[in-house]
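Worksheet: the structure to be examined is printed underneath.
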Amino acid sequence: MNQTTNTNLTVLNRRGGVLFLLGLVAMLFISISGFAQSVSSQRTYASLLYARLTGTMLPIDAPILTTMENQINSGDLLGAANTAINDPANAGFYNVTIREFASIMSTDLEVPNSPTTDFVADIVGATRDDLDARQLLTGNFTYVVDATKVTTVPNNFVNDIAMSNNHYGFIDTNNVDMRANLIMQPGQLYLNAAKTASVQNPDPAGVLTTRGFLINNANGGTNRRMVKFPIREFLCYDIADYAADGPDAMVGRDVDRAPGGDVNQFETKCKTCHNRLDSMRPAWAQFDMDANMNYVEHAAFNPLPCTATTVDYTGNGNNTCKGQYDPNNVAIKMNRNSQVYPSGYQITNASWWNPAVGSTYQTMFGWGATTSGVGANQFGQMLAQSAAFPRCMAQRAFQSVCGRAPSSAEINLIQQLGQNFSASWNYDLKTLWAQVAILPNCLGTPN
Amino acid sequence: MFKNFNKGEIKMKNMRHILFVVAVLPLTLTTGCFKMGSLFGNAGGNGGNNVNLSTSSQSVMPKVVEGSQVMSSLIAQTGVTAPSTTTKNTFTAQASNFNATGDYSKIGAAWHSAHATLAAEFCNDAITQSPTKLYPGVNFTTGPAQFTGTELANVSNALCRNFFRHDCTSTELSALQSGAAKLVSDVNTGNTAAVQTKTVAIGLCTGVASSMGAVVH
């Protein structure tokens with residue numbers, strides 16, 4: 001032993017400074033290598049997968065990445081994605097990823113950081129509980145913060161839920177973990193006519209009939225937005241995509257048939273959108289927001305019928321009968337400005353039909369059995385039954401996880417994802433997100 | 001920003017030096033994406049359905065850590081499980097400057113400054129809460145001359161693994177060595193040795209923690 005050591009020392013002395021420098025370099029290298037094991041491509045992939053699904057960036061030595069790395073090494077990419085989604089220490093998938101997905105769909109501007117509402121909470125809760133996503137368009141439930149767990153949440157139904165967003169806004173201001181604290185309640189509660197208690201929404205259509213969605217899309221106007229935006233957000237088609245010539249029998253009385261004296265203007269432009277929207281908007285004939293845009297109204301418990309002799313719902317000073325109903329239990333606003341074209345269609349009930357059902361539009365939307373009906377729930381059923389709905393959810397999941405919209409070359413990929421979402425994955429949003437995240441198109445491959 | 005230290009203990013020009021040197025991750029902006037809703041156009045376009053989901057591939061679009069996850073990410077990255085009041089207040093003050101959506105194309109100077117400011121506070125907290133995670137082997141009672149050789153390599157690699165999620169590349173290591181040398185040479189020698197060491201440690205950590213490699217995934 002001593003002889004060997006002496007020999008080495010002799011060598012070191014003989015080669016002097018050069019060896020010393022080489023030794024330093026070697027030490028540095030050994031030090032780096034010995035500090036921790038080098039990072040495998042599978043672990044790097046696990047890190048990216050985790051960050052995209054939860055929004056949280058972890059150090060590469062985080063224990064959960066070891067679990068995910070092992071799953072990836074065994075070929076179980078889906079398991080790795082689910083490990084991230086279900087990380088007991090981090091609910092980012094729900095509080096960030098799904099919350100943003102819901103936020104985008106909740107407002108006209110499609111911003112990912114709009115305030116949490118009942119619309120957003122319903123989607124987060126439904127995802128957590130593995131509900132069939134079609135329930136988001138047809139269901140009769142509401143997610144609220146469990147006040148037995150979060151005792152400080154504003155929880156007065158009249159003041160904090162029906163008349164304001166205090167209850168759900170508390171989630172944002174207090175960073176309430178929605179995965180841990182949301183509970184599902186059966187039914188959807190609206191405010192009674194006396195504004196003192198709750199009554200059940202008689203025509204629930206999942207998140208479409210939430211206060212959060214209605215306050216954005218049924219505040220004033222003529223409820224045409226309640227057709228346009230559900231189709232845009234849940235089927236991913238804007239009105240321009242399906243506007244076309246069609247029957248004008250249900251186009252409202254507030255639409256000028258000759259704007260600027262030009263009949264062609266109506267025939268070639270106005271009518272293309274209005275025949276679509278106006279034929280379906282009666283689904284929302286009995287829904288409105290109150291005059292101050294605070295709470296949802298429904299004809300089943302509407303305030304006193306409007307008795308004004310002249311109804312001019314312009315919203316520009318003469319708000320007579322705003323938020324009120326006519327003798328047919330139709331919201332006054334549905335037939336506003338009737339003097340523009342008195343021969344136009346007057347809505348007298350909630351019956352609607354979808355004129356975009358020709359072969360071109362059937363190819364686009366893939367409608368199911370329901371293309372006409374009465375009221376909001378059946379309108380929601382139409383959307384939920386379409387082939388466009390699961391495809392749209394796949395498209396949105398792709399945008400969410402992959403950080404970009406699908407390219408034109410990925411149309412078939414989205415189509416396949418949509419089919420799998422409906423046929424194989426039971427419309428489960430959690431599964432959809434996991435499956436999208438592990439696509440090579442999305443985050444590459446682990447090898 | 002460095003509430004616990006005397007004025008002038010950290011020279012911001014050195015901080016900027018580190019910030020720019022360490023931001024080495026190449027990122028590519030991809031264009032030509034389609035707006036949501038128009039993907040399938042108005043003529044169907046749903047095509048065939050014989051797609052193999054496991055074979056096709058495209059480049060990965062980078063995302064930046066979103067404002068709502070900045071704190072949780074830094075907590076995980078630094079091991080600071082109980083951020084100080086100063087750190088929390090810094091986050092609150094900078095909240096509007098963080099990226100709300102993860103959209104890489106929407107970052108700017110205010111965003112980067114916000115990350116650097118908050119990262120500095122976490123790096124400061126880490127000296128007491130998780131020194132072995134970010135600063136392995138550093139003796140915070142002695143002077144900054146220890147930031148050389150093996151000691152510096154160990155600190156550098158700890159920072160790379162926690163923030164970059166990989167071992168330091170030679171480029172990153174070289175940048176950190178240069179930055180450390182600059183910080184050590186310019187540190188205010190009027191301060192105690194311990195403060196000088198903290199100054200260098202926080203400078204190195206902040207440079208890495210606020211660089212693109214640490215906030216882009």
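For the structure tokens, the naming scheme is as follows: chains receive sequential letters (A, B, ...) according to their order of presentation, residues are indexed from 1 within each chain, and ligands are indexed from 1 in presentation order.
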
Can you pull out every residue within 8 Å of Ala356 of chain A, counting only C-alpha atoms, but drop anything in the same chain fewer than 2 positions away, and send it as a PyMOL selection string? chain A and resi 242+276+354+358+361-362

Restricting it to all heavy atoms, dump the selection as a PDB file, in the first residue's frame.
ATOM      1  N   TYR A 242     -70.889  28.728 -39.416  1.00  0.00           N
ATOM      2  CA  TYR A 242     -72.118  28.046 -39.824  1.00  0.00           C
ATOM      3  C   TYR A 242     -73.196  29.016 -40.301  1.00  0.00           C
ATOM      4  O   TYR A 242     -74.344  28.609 -40.540  1.00  0.00           O
ATOM      5  CB  TYR A 242     -72.657  27.134 -38.710  1.00  0.00           C
ATOM      6  CG  TYR A 242     -72.907  27.814 -37.376  1.00  0.00           C
ATOM      7  CD1 TYR A 242     -74.160  28.299 -37.037  1.00  0.00           C
ATOM      8  CD2 TYR A 242     -71.882  27.940 -36.444  1.00  0.00           C
ATOM      9  CE1 TYR A 242     -74.393  28.895 -35.809  1.00  0.00           C
ATOM     10  CE2 TYR A 242     -72.102  28.544 -35.210  1.00  0.00           C
ATOM     11  CZ  TYR A 242     -73.354  29.015 -34.897  1.00  0.00           C
ATOM     12  OH  TYR A 242     -73.571  29.613 -33.679  1.00  0.00           O
ATOM     13  N   ARG A 276     -79.922  31.363 -38.141  1.00  0.00           N
ATOM     14  CA  ARG A 276     -79.361  30.380 -37.216  1.00  0.00           C
ATOM     15  C   ARG A 276     -79.695  30.731 -35.761  1.00  0.00           C
ATOM     16  O   ARG A 276     -80.269  29.934 -35.023  1.00  0.00           O
ATOM     17  CB  ARG A 276     -77.836  30.346 -37.342  1.00  0.00           C
ATOM     18  CG  ARG A 276     -77.134  29.711 -38.529  1.00  0.00           C
ATOM     19  CD  ARG A 276     -77.919  29.135 -39.581  1.00  0.00           C
ATOM     20  NE  ARG A 276     -77.075  28.347 -40.500  1.00  0.00           N
ATOM     21  CZ  ARG A 276     -77.524  27.678 -41.524  1.00  0.00           C
ATOM     22  NH1 ARG A 276     -78.833  27.671 -41.780  1.00  0.00           N
ATOM     23  NH2 ARG A 276     -76.728  26.990 -42.320  1.00  0.00           N
ATOM     24  N   ASN A 354     -83.090  23.859 -34.936  1.00  0.00           N
ATOM     25  CA  ASN A 354     -81.773  24.149 -35.484  1.00  0.00           C
ATOM     26  C   ASN A 354     -81.813  24.026 -37.002  1.00  0.00           C
ATOM     27  O   ASN A 354     -81.989  22.927 -37.532  1.00  0.00           O
ATOM     28  CB  ASN A 354     -80.753  23.155 -34.903  1.00  0.00           C
ATOM     29  CG  ASN A 354     -79.365  23.340 -35.468  1.00  0.00           C
ATOM     30  OD1 ASN A 354     -79.122  24.221 -36.295  1.00  0.00           O
ATOM     31  ND2 ASN A 354     -78.451  22.490 -35.022  1.00  0.00           N
ATOM     32  N   GLY A 358     -78.257  20.588 -42.567  1.00  0.00           N
ATOM     33  CA  GLY A 358     -77.998  20.000 -43.878  1.00  0.00           C
ATOM     34  C   GLY A 358     -76.713  19.191 -43.854  1.00  0.00           C
ATOM     35  O   GLY A 358     -75.993  19.160 -42.854  1.00  0.00           O
ATOM     36  N   TYR A 361     -73.539  20.798 -42.684  1.00  0.00           N
ATOM     37  CA  TYR A 361     -73.477  21.106 -41.251  1.00  0.00           C
ATOM     38  C   TYR A 361     -73.538  19.845 -40.404  1.00  0.00           C
ATOM     39  O   TYR A 361     -73.021  19.808 -39.292  1.00  0.00           O
ATOM     40  CB  TYR A 361     -74.574  22.123 -40.907  1.00  0.00           C
ATOM     41  CG  TYR A 361     -74.384  23.345 -41.761  1.00  0.00           C
ATOM     42  CD1 TYR A 361     -75.161  23.547 -42.898  1.00  0.00           C
ATOM     43  CD2 TYR A 361     -73.339  24.222 -41.500  1.00  0.00           C
ATOM     44  CE1 TYR A 361     -74.924  24.625 -43.731  1.00  0.00           C
ATOM     45  CE2 TYR A 361     -73.096  25.304 -42.335  1.00  0.00           C
ATOM     46  CZ  TYR A 361     -73.891  25.500 -43.447  1.00  0.00           C
ATOM     47  OH  TYR A 361     -73.632  26.556 -44.280  1.00  0.00           O
ATOM     48  N   GLN A 362     -74.144  18.840 -40.955  1.00  0.00           N
ATOM     49  CA  GLN A 362     -74.106  17.556 -40.249  1.00  0.00           C
ATOM     50  C   GLN A 362     -72.671  17.043 -40.202  1.00  0.00           C
ATOM     51  O   GLN A 362     -72.217  16.498 -39.192  1.00  0.00           O
ATOM     52  CB  GLN A 362     -75.022  16.538 -40.948  1.00  0.00           C
ATOM     53  CG  GLN A 362     -75.129  15.191 -40.233  1.00  0.00           C
ATOM     54  CD  GLN A 362     -75.706  15.331 -38.825  1.00  0.00           C
ATOM     55  OE1 GLN A 362     -76.522  16.215 -38.551  1.00  0.00           O
ATOM     56  NE2 GLN A 362     -75.254  14.462 -37.922  1.00  0.00           N
TER      57      GLN A 362
END

Only residues of chain A matter here; which ones have an atom within 6 Å of chain B, counting only C-alpha atoms? Give them as a VMD selection string. chain A and resid 28 39 56 to 60 236 to 237 241 363 to 364 403 405 407 412 to 413 416 440 to 441 443

Restricted to all heavy atoms, what would the selected residues look like written as a compact mmCIF listing (two decimals), in the first residue's frame?
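Output contents, as saved in again_14.txt:
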# COMPACT_ATOMS: atom_id res chain seq x y z
N LEU A 28 -13.51 18.25 -10.38
CA LEU A 28 -14.72 18.99 -10.69
C LEU A 28 -15.73 18.09 -11.36
O LEU A 28 -16.91 18.07 -11.04
CB LEU A 28 -14.38 20.19 -11.58
CG LEU A 28 -15.48 21.19 -11.85
CD1 LEU A 28 -15.98 21.79 -10.54
CD2 LEU A 28 -14.98 22.30 -12.76
N VAL A 39 -29.32 13.19 -15.14
CA VAL A 39 -30.76 13.21 -15.39
C VAL A 39 -31.08 12.44 -16.66
O VAL A 39 -30.57 12.75 -17.73
CB VAL A 39 -31.24 14.67 -15.51
CG1 VAL A 39 -32.74 14.70 -15.77
CG2 VAL A 39 -30.89 15.45 -14.26
N THR A 56 -46.95 23.64 -12.13
CA THR A 56 -45.88 23.81 -11.15
C THR A 56 -44.57 23.22 -11.67
O THR A 56 -44.55 22.11 -12.17
CB THR A 56 -46.24 23.11 -9.82
OG1 THR A 56 -47.49 23.60 -9.38
CG2 THR A 56 -45.18 23.39 -8.76
N MET A 57 -43.50 23.98 -11.51
CA MET A 57 -42.18 23.49 -11.91
C MET A 57 -41.48 22.91 -10.69
O MET A 57 -41.35 23.57 -9.66
CB MET A 57 -41.36 24.62 -12.52
CG MET A 57 -42.02 25.18 -13.77
SD MET A 57 -41.06 26.47 -14.57
CE MET A 57 -39.73 25.53 -15.27
N LEU A 58 -41.05 21.69 -10.81
CA LEU A 58 -40.41 21.00 -9.69
C LEU A 58 -38.91 20.90 -9.92
O LEU A 58 -38.45 20.84 -11.07
CB LEU A 58 -40.97 19.58 -9.55
CG LEU A 58 -42.42 19.42 -9.14
CD1 LEU A 58 -42.76 17.94 -9.07
CD2 LEU A 58 -42.69 20.10 -7.81
N PRO A 59 -38.13 20.83 -8.84
CA PRO A 59 -36.71 20.49 -9.00
C PRO A 59 -36.60 19.07 -9.53
O PRO A 59 -37.48 18.23 -9.29
CB PRO A 59 -36.15 20.62 -7.59
CG PRO A 59 -37.31 20.54 -6.68
CD PRO A 59 -38.49 21.08 -7.44
N ILE A 60 -35.54 18.81 -10.24
CA ILE A 60 -35.44 17.51 -10.91
C ILE A 60 -35.33 16.36 -9.92
O ILE A 60 -35.58 15.21 -10.26
CB ILE A 60 -34.25 17.51 -11.90
CG1 ILE A 60 -34.44 16.43 -12.96
CG2 ILE A 60 -32.92 17.36 -11.17
CD1 ILE A 60 -35.62 16.65 -13.87
N CYS A 236 -66.73 24.63 -30.52
CA CYS A 236 -65.59 25.27 -31.21
C CYS A 236 -65.93 25.76 -32.61
O CYS A 236 -65.08 25.72 -33.51
CB CYS A 236 -64.38 24.33 -31.24
SG CYS A 236 -63.60 24.06 -29.63
N TYR A 237 -67.14 26.17 -32.80
CA TYR A 237 -67.50 26.81 -34.07
C TYR A 237 -68.05 28.19 -33.80
O TYR A 237 -69.01 28.35 -33.02
CB TYR A 237 -68.56 25.99 -34.82
CG TYR A 237 -68.00 24.77 -35.51
CD1 TYR A 237 -68.30 23.50 -35.04
CD2 TYR A 237 -67.16 24.90 -36.61
CE1 TYR A 237 -67.78 22.37 -35.66
CE2 TYR A 237 -66.64 23.78 -37.23
CZ TYR A 237 -66.95 22.53 -36.76
OH TYR A 237 -66.42 21.43 -37.37
N ASP A 241 -68.72 30.38 -38.96
CA ASP A 241 -68.47 29.05 -39.53
C ASP A 241 -69.75 28.38 -40.03
O ASP A 241 -69.70 27.54 -40.93
CB ASP A 241 -67.82 28.14 -38.48
CG ASP A 241 -66.44 28.62 -38.07
OD1 ASP A 241 -65.72 29.15 -38.94
OD2 ASP A 241 -66.09 28.47 -36.88
N THR A 363 -71.94 17.26 -41.30
CA THR A 363 -70.54 16.86 -41.32
C THR A 363 -69.74 17.68 -40.31
O THR A 363 -68.86 17.15 -39.62
CB THR A 363 -69.95 17.07 -42.73
OG1 THR A 363 -70.73 16.31 -43.65
CG2 THR A 363 -68.50 16.63 -42.79
N MET A 364 -70.04 18.95 -40.24
CA MET A 364 -69.33 19.80 -39.29
C MET A 364 -69.63 19.41 -37.85
O MET A 364 -68.72 19.17 -37.06
CB MET A 364 -69.75 21.27 -39.48
CG MET A 364 -69.14 21.97 -40.67
SD MET A 364 -69.85 23.63 -40.88
CE MET A 364 -69.30 24.47 -39.40
N GLY A 403 -49.79 24.10 -25.10
CA GLY A 403 -49.41 25.50 -25.19
C GLY A 403 -49.57 26.10 -26.56
O GLY A 403 -49.03 27.17 -26.84
N ALA A 405 -52.36 26.02 -30.29
CA ALA A 405 -53.52 25.43 -30.96
C ALA A 405 -53.03 24.32 -31.89
O ALA A 405 -51.89 24.37 -32.36
CB ALA A 405 -54.26 26.49 -31.75
N SER A 407 -52.28 22.41 -35.19
CA SER A 407 -52.03 22.91 -36.53
C SER A 407 -53.02 22.28 -37.50
O SER A 407 -53.72 21.31 -37.16
CB SER A 407 -50.61 22.57 -36.96
OG SER A 407 -50.50 21.19 -37.22
N ASN A 412 -56.78 15.62 -38.05
CA ASN A 412 -57.18 14.22 -37.85
C ASN A 412 -56.85 13.73 -36.45
O ASN A 412 -57.56 12.89 -35.89
CB ASN A 412 -56.51 13.33 -38.90
CG ASN A 412 -57.09 13.53 -40.28
OD1 ASN A 412 -58.13 14.18 -40.43
ND2 ASN A 412 -56.43 13.00 -41.29
N LEU A 413 -55.78 14.24 -35.91
CA LEU A 413 -55.41 13.87 -34.55
C LEU A 413 -56.48 14.31 -33.56
O LEU A 413 -56.91 13.55 -32.68
CB LEU A 413 -54.07 14.51 -34.21
CG LEU A 413 -53.53 14.31 -32.79
CD1 LEU A 413 -53.18 12.85 -32.56
CD2 LEU A 413 -52.31 15.19 -32.57
N GLN A 416 -59.54 12.20 -33.88
CA GLN A 416 -59.41 10.90 -33.23
C GLN A 416 -59.52 11.03 -31.71
O GLN A 416 -60.14 10.20 -31.05
CB GLN A 416 -58.07 10.27 -33.61
CG GLN A 416 -57.87 8.85 -33.07
CD GLN A 416 -58.86 7.87 -33.68
OE1 GLN A 416 -58.94 7.72 -34.89
NE2 GLN A 416 -59.64 7.21 -32.83
N PRO A 440 -47.00 12.45 -28.58
CA PRO A 440 -45.72 12.95 -29.08
C PRO A 440 -45.84 14.35 -29.67
O PRO A 440 -44.92 15.15 -29.58
CB PRO A 440 -45.34 11.92 -30.16
CG PRO A 440 -46.07 10.68 -29.77
CD PRO A 440 -47.35 11.14 -29.15
N ASN A 441 -46.99 14.64 -30.27
CA ASN A 441 -47.20 15.98 -30.84
C ASN A 441 -47.18 17.06 -29.78
O ASN A 441 -46.94 18.22 -30.09
CB ASN A 441 -48.56 16.05 -31.55
CG ASN A 441 -48.59 15.26 -32.80
OD1 ASN A 441 -48.24 14.09 -32.77
ND2 ASN A 441 -48.98 15.87 -33.90
N LEU A 443 -45.78 16.99 -26.16
CA LEU A 443 -44.57 17.21 -25.36
C LEU A 443 -43.39 16.37 -25.83
O LEU A 443 -42.41 16.19 -25.10
CB LEU A 443 -44.86 16.91 -23.88
CG LEU A 443 -46.01 17.71 -23.25
CD1 LEU A 443 -46.21 17.32 -21.79
CD2 LEU A 443 -45.77 19.21 -23.36

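The gap separating atom CA of Trp352 of chain A from atom CA of Gly220 of chain A is 20.1 Å, in Å to one decimal.
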
Quick one: DSSP helix (DSSP H, G or I) residues in segment 24-214 of chain B, as a ChimeraX atom specification? /B:67-78,85-97,104-106,109-129,131-134,144-146,149-164,170-186,193-209,212-214

Find the residues near Cys270 of chain A: any atom within 10 Å, counting only C-alpha atoms, skip ones fewer than 4 places away on the same chain, and give them as a PDB file with all heavy atoms, in the first residue's frame.
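Everything below was put into selection_12.pdb:
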ATOM      1  N   ALA A 243     -72.840  30.285 -40.463  1.00  0.00           N
ATOM      2  CA  ALA A 243     -73.790  31.238 -41.035  1.00  0.00           C
ATOM      3  C   ALA A 243     -73.992  30.913 -42.511  1.00  0.00           C
ATOM      4  O   ALA A 243     -73.032  30.681 -43.242  1.00  0.00           O
ATOM      5  CB  ALA A 243     -73.258  32.661 -40.882  1.00  0.00           C
ATOM      6  N   ALA A 244     -75.230  30.879 -42.937  1.00  0.00           N
ATOM      7  CA  ALA A 244     -75.533  30.567 -44.346  1.00  0.00           C
ATOM      8  C   ALA A 244     -76.989  30.902 -44.604  1.00  0.00           C
ATOM      9  O   ALA A 244     -77.760  31.149 -43.677  1.00  0.00           O
ATOM     10  CB  ALA A 244     -75.269  29.093 -44.639  1.00  0.00           C
ATOM     11  N   ASP A 245     -77.322  30.897 -45.834  1.00  0.00           N
ATOM     12  CA  ASP A 245     -78.709  31.174 -46.192  1.00  0.00           C
ATOM     13  C   ASP A 245     -79.617  30.124 -45.546  1.00  0.00           C
ATOM     14  O   ASP A 245     -79.246  28.949 -45.434  1.00  0.00           O
ATOM     15  CB  ASP A 245     -78.873  31.138 -47.716  1.00  0.00           C
ATOM     16  CG  ASP A 245     -80.231  31.676 -48.131  1.00  0.00           C
ATOM     17  OD1 ASP A 245     -80.806  32.481 -47.370  1.00  0.00           O
ATOM     18  OD2 ASP A 245     -80.716  31.277 -49.206  1.00  0.00           O
ATOM     19  N   VAL A 251     -86.797  34.737 -37.711  1.00  0.00           N
ATOM     20  CA  VAL A 251     -85.975  35.923 -37.470  1.00  0.00           C
ATOM     21  C   VAL A 251     -86.839  36.981 -36.782  1.00  0.00           C
ATOM     22  O   VAL A 251     -87.963  37.256 -37.198  1.00  0.00           O
ATOM     23  CB  VAL A 251     -85.384  36.474 -38.783  1.00  0.00           C
ATOM     24  CG1 VAL A 251     -84.631  37.777 -38.534  1.00  0.00           C
ATOM     25  CG2 VAL A 251     -84.458  35.439 -39.413  1.00  0.00           C
ATOM     26  N   VAL A 255     -85.109  42.862 -36.280  1.00  0.00           N
ATOM     27  CA  VAL A 255     -84.106  42.825 -37.345  1.00  0.00           C
ATOM     28  C   VAL A 255     -84.668  43.489 -38.595  1.00  0.00           C
ATOM     29  O   VAL A 255     -85.675  43.047 -39.147  1.00  0.00           O
ATOM     30  CB  VAL A 255     -83.694  41.369 -37.663  1.00  0.00           C
ATOM     31  CG1 VAL A 255     -82.675  41.341 -38.798  1.00  0.00           C
ATOM     32  CG2 VAL A 255     -83.147  40.692 -36.425  1.00  0.00           C
ATOM     33  N   ASP A 256     -83.999  44.526 -39.012  1.00  0.00           N
ATOM     34  CA  ASP A 256     -84.425  45.283 -40.190  1.00  0.00           C
ATOM     35  C   ASP A 256     -84.278  44.413 -41.442  1.00  0.00           C
ATOM     36  O   ASP A 256     -83.203  43.864 -41.688  1.00  0.00           O
ATOM     37  CB  ASP A 256     -83.556  46.547 -40.306  1.00  0.00           C
ATOM     38  CG  ASP A 256     -84.134  47.548 -41.310  1.00  0.00           C
ATOM     39  OD1 ASP A 256     -84.952  47.146 -42.151  1.00  0.00           O
ATOM     40  OD2 ASP A 256     -83.735  48.725 -41.227  1.00  0.00           O
ATOM     41  N   ARG A 257     -85.354  44.279 -42.206  1.00  0.00           N
ATOM     42  CA  ARG A 257     -85.289  43.458 -43.426  1.00  0.00           C
ATOM     43  C   ARG A 257     -84.718  44.222 -44.616  1.00  0.00           C
ATOM     44  O   ARG A 257     -84.473  43.622 -45.671  1.00  0.00           O
ATOM     45  CB  ARG A 257     -86.679  42.955 -43.797  1.00  0.00           C
ATOM     46  CG  ARG A 257     -87.079  41.580 -43.266  1.00  0.00           C
ATOM     47  CD  ARG A 257     -86.729  41.337 -41.822  1.00  0.00           C
ATOM     48  NE  ARG A 257     -87.347  40.100 -41.313  1.00  0.00           N
ATOM     49  CZ  ARG A 257     -87.440  39.777 -40.049  1.00  0.00           C
ATOM     50  NH1 ARG A 257     -86.916  40.586 -39.128  1.00  0.00           N
ATOM     51  NH2 ARG A 257     -88.015  38.650 -39.664  1.00  0.00           N
ATOM     52  N   ALA A 258     -84.497  45.499 -44.436  1.00  0.00           N
ATOM     53  CA  ALA A 258     -83.894  46.284 -45.524  1.00  0.00           C
ATOM     54  C   ALA A 258     -83.024  47.374 -44.924  1.00  0.00           C
ATOM     55  O   ALA A 258     -83.332  48.568 -45.041  1.00  0.00           O
ATOM     56  CB  ALA A 258     -84.981  46.872 -46.426  1.00  0.00           C
ATOM     57  N   PRO A 259     -81.954  47.000 -44.288  1.00  0.00           N
ATOM     58  CA  PRO A 259     -81.104  48.023 -43.645  1.00  0.00           C
ATOM     59  C   PRO A 259     -80.565  49.011 -44.670  1.00  0.00           C
ATOM     60  O   PRO A 259     -80.030  48.606 -45.709  1.00  0.00           O
ATOM     61  CB  PRO A 259     -79.975  47.196 -43.011  1.00  0.00           C
ATOM     62  CG  PRO A 259     -80.022  45.867 -43.680  1.00  0.00           C
ATOM     63  CD  PRO A 259     -81.423  45.642 -44.124  1.00  0.00           C
ATOM     64  N   VAL A 263     -82.657  45.651 -49.421  1.00  0.00           N
ATOM     65  CA  VAL A 263     -83.158  44.320 -49.078  1.00  0.00           C
ATOM     66  C   VAL A 263     -82.056  43.266 -49.210  1.00  0.00           C
ATOM     67  O   VAL A 263     -81.990  42.308 -48.439  1.00  0.00           O
ATOM     68  CB  VAL A 263     -84.358  43.951 -49.978  1.00  0.00           C
ATOM     69  CG1 VAL A 263     -84.815  42.524 -49.724  1.00  0.00           C
ATOM     70  CG2 VAL A 263     -85.511  44.920 -49.751  1.00  0.00           C
ATOM     71  N   ASN A 264     -81.212  43.461 -50.200  1.00  0.00           N
ATOM     72  CA  ASN A 264     -80.138  42.479 -50.407  1.00  0.00           C
ATOM     73  C   ASN A 264     -79.211  42.375 -49.205  1.00  0.00           C
ATOM     74  O   ASN A 264     -78.626  41.322 -48.953  1.00  0.00           O
ATOM     75  CB  ASN A 264     -79.313  42.850 -51.649  1.00  0.00           C
ATOM     76  CG  ASN A 264     -80.045  42.491 -52.923  1.00  0.00           C
ATOM     77  OD1 ASN A 264     -80.894  41.579 -52.920  1.00  0.00           O
ATOM     78  ND2 ASN A 264     -79.756  43.197 -53.999  1.00  0.00           N
ATOM     79  N   GLN A 265     -79.081  43.492 -48.527  1.00  0.00           N
ATOM     80  CA  GLN A 265     -78.220  43.482 -47.341  1.00  0.00           C
ATOM     81  C   GLN A 265     -78.732  42.463 -46.337  1.00  0.00           C
ATOM     82  O   GLN A 265     -77.964  41.699 -45.741  1.00  0.00           O
ATOM     83  CB  GLN A 265     -78.196  44.890 -46.725  1.00  0.00           C
ATOM     84  CG  GLN A 265     -77.312  45.039 -45.506  1.00  0.00           C
ATOM     85  CD  GLN A 265     -75.840  45.170 -45.864  1.00  0.00           C
ATOM     86  OE1 GLN A 265     -75.472  45.204 -47.039  1.00  0.00           O
ATOM     87  NE2 GLN A 265     -75.004  45.213 -44.849  1.00  0.00           N
ATOM     88  N   PHE A 266     -80.044  42.470 -46.139  1.00  0.00           N
ATOM     89  CA  PHE A 266     -80.628  41.493 -45.221  1.00  0.00           C
ATOM     90  C   PHE A 266     -80.505  40.082 -45.784  1.00  0.00           C
ATOM     91  O   PHE A 266     -80.091  39.152 -45.079  1.00  0.00           O
ATOM     92  CB  PHE A 266     -82.109  41.809 -44.971  1.00  0.00           C
ATOM     93  CG  PHE A 266     -82.815  40.723 -44.206  1.00  0.00           C
ATOM     94  CD1 PHE A 266     -82.641  40.583 -42.844  1.00  0.00           C
ATOM     95  CD2 PHE A 266     -83.640  39.808 -44.879  1.00  0.00           C
ATOM     96  CE1 PHE A 266     -83.272  39.556 -42.145  1.00  0.00           C
ATOM     97  CE2 PHE A 266     -84.272  38.780 -44.189  1.00  0.00           C
ATOM     98  CZ  PHE A 266     -84.090  38.656 -42.817  1.00  0.00           C
ATOM     99  N   HIS A 274     -78.805  35.458 -38.647  1.00  0.00           N
ATOM    100  CA  HIS A 274     -80.046  35.525 -37.869  1.00  0.00           C
ATOM    101  C   HIS A 274     -80.917  34.294 -38.036  1.00  0.00           C
ATOM    102  O   HIS A 274     -81.625  33.906 -37.100  1.00  0.00           O
ATOM    103  CB  HIS A 274     -80.815  36.804 -38.225  1.00  0.00           C
ATOM    104  CG  HIS A 274     -80.354  37.992 -37.447  1.00  0.00           C
ATOM    105  ND1 HIS A 274     -80.615  38.151 -36.116  1.00  0.00           N
ATOM    106  CD2 HIS A 274     -79.604  39.066 -37.810  1.00  0.00           C
ATOM    107  CE1 HIS A 274     -80.070  39.288 -35.678  1.00  0.00           C
ATOM    108  NE2 HIS A 274     -79.442  39.859 -36.696  1.00  0.00           N
ATOM    109  N   ASN A 275     -80.879  33.670 -39.205  1.00  0.00           N
ATOM    110  CA  ASN A 275     -81.740  32.480 -39.312  1.00  0.00           C
ATOM    111  C   ASN A 275     -81.227  31.380 -38.390  1.00  0.00           C
ATOM    112  O   ASN A 275     -82.004  30.563 -37.899  1.00  0.00           O
ATOM    113  CB  ASN A 275     -81.866  32.033 -40.770  1.00  0.00           C
ATOM    114  CG  ASN A 275     -80.710  31.173 -41.241  1.00  0.00           C
ATOM    115  OD1 ASN A 275     -80.687  29.967 -41.026  1.00  0.00           O
ATOM    116  ND2 ASN A 275     -79.722  31.792 -41.893  1.00  0.00           N
TER     117      ASN A 275
END
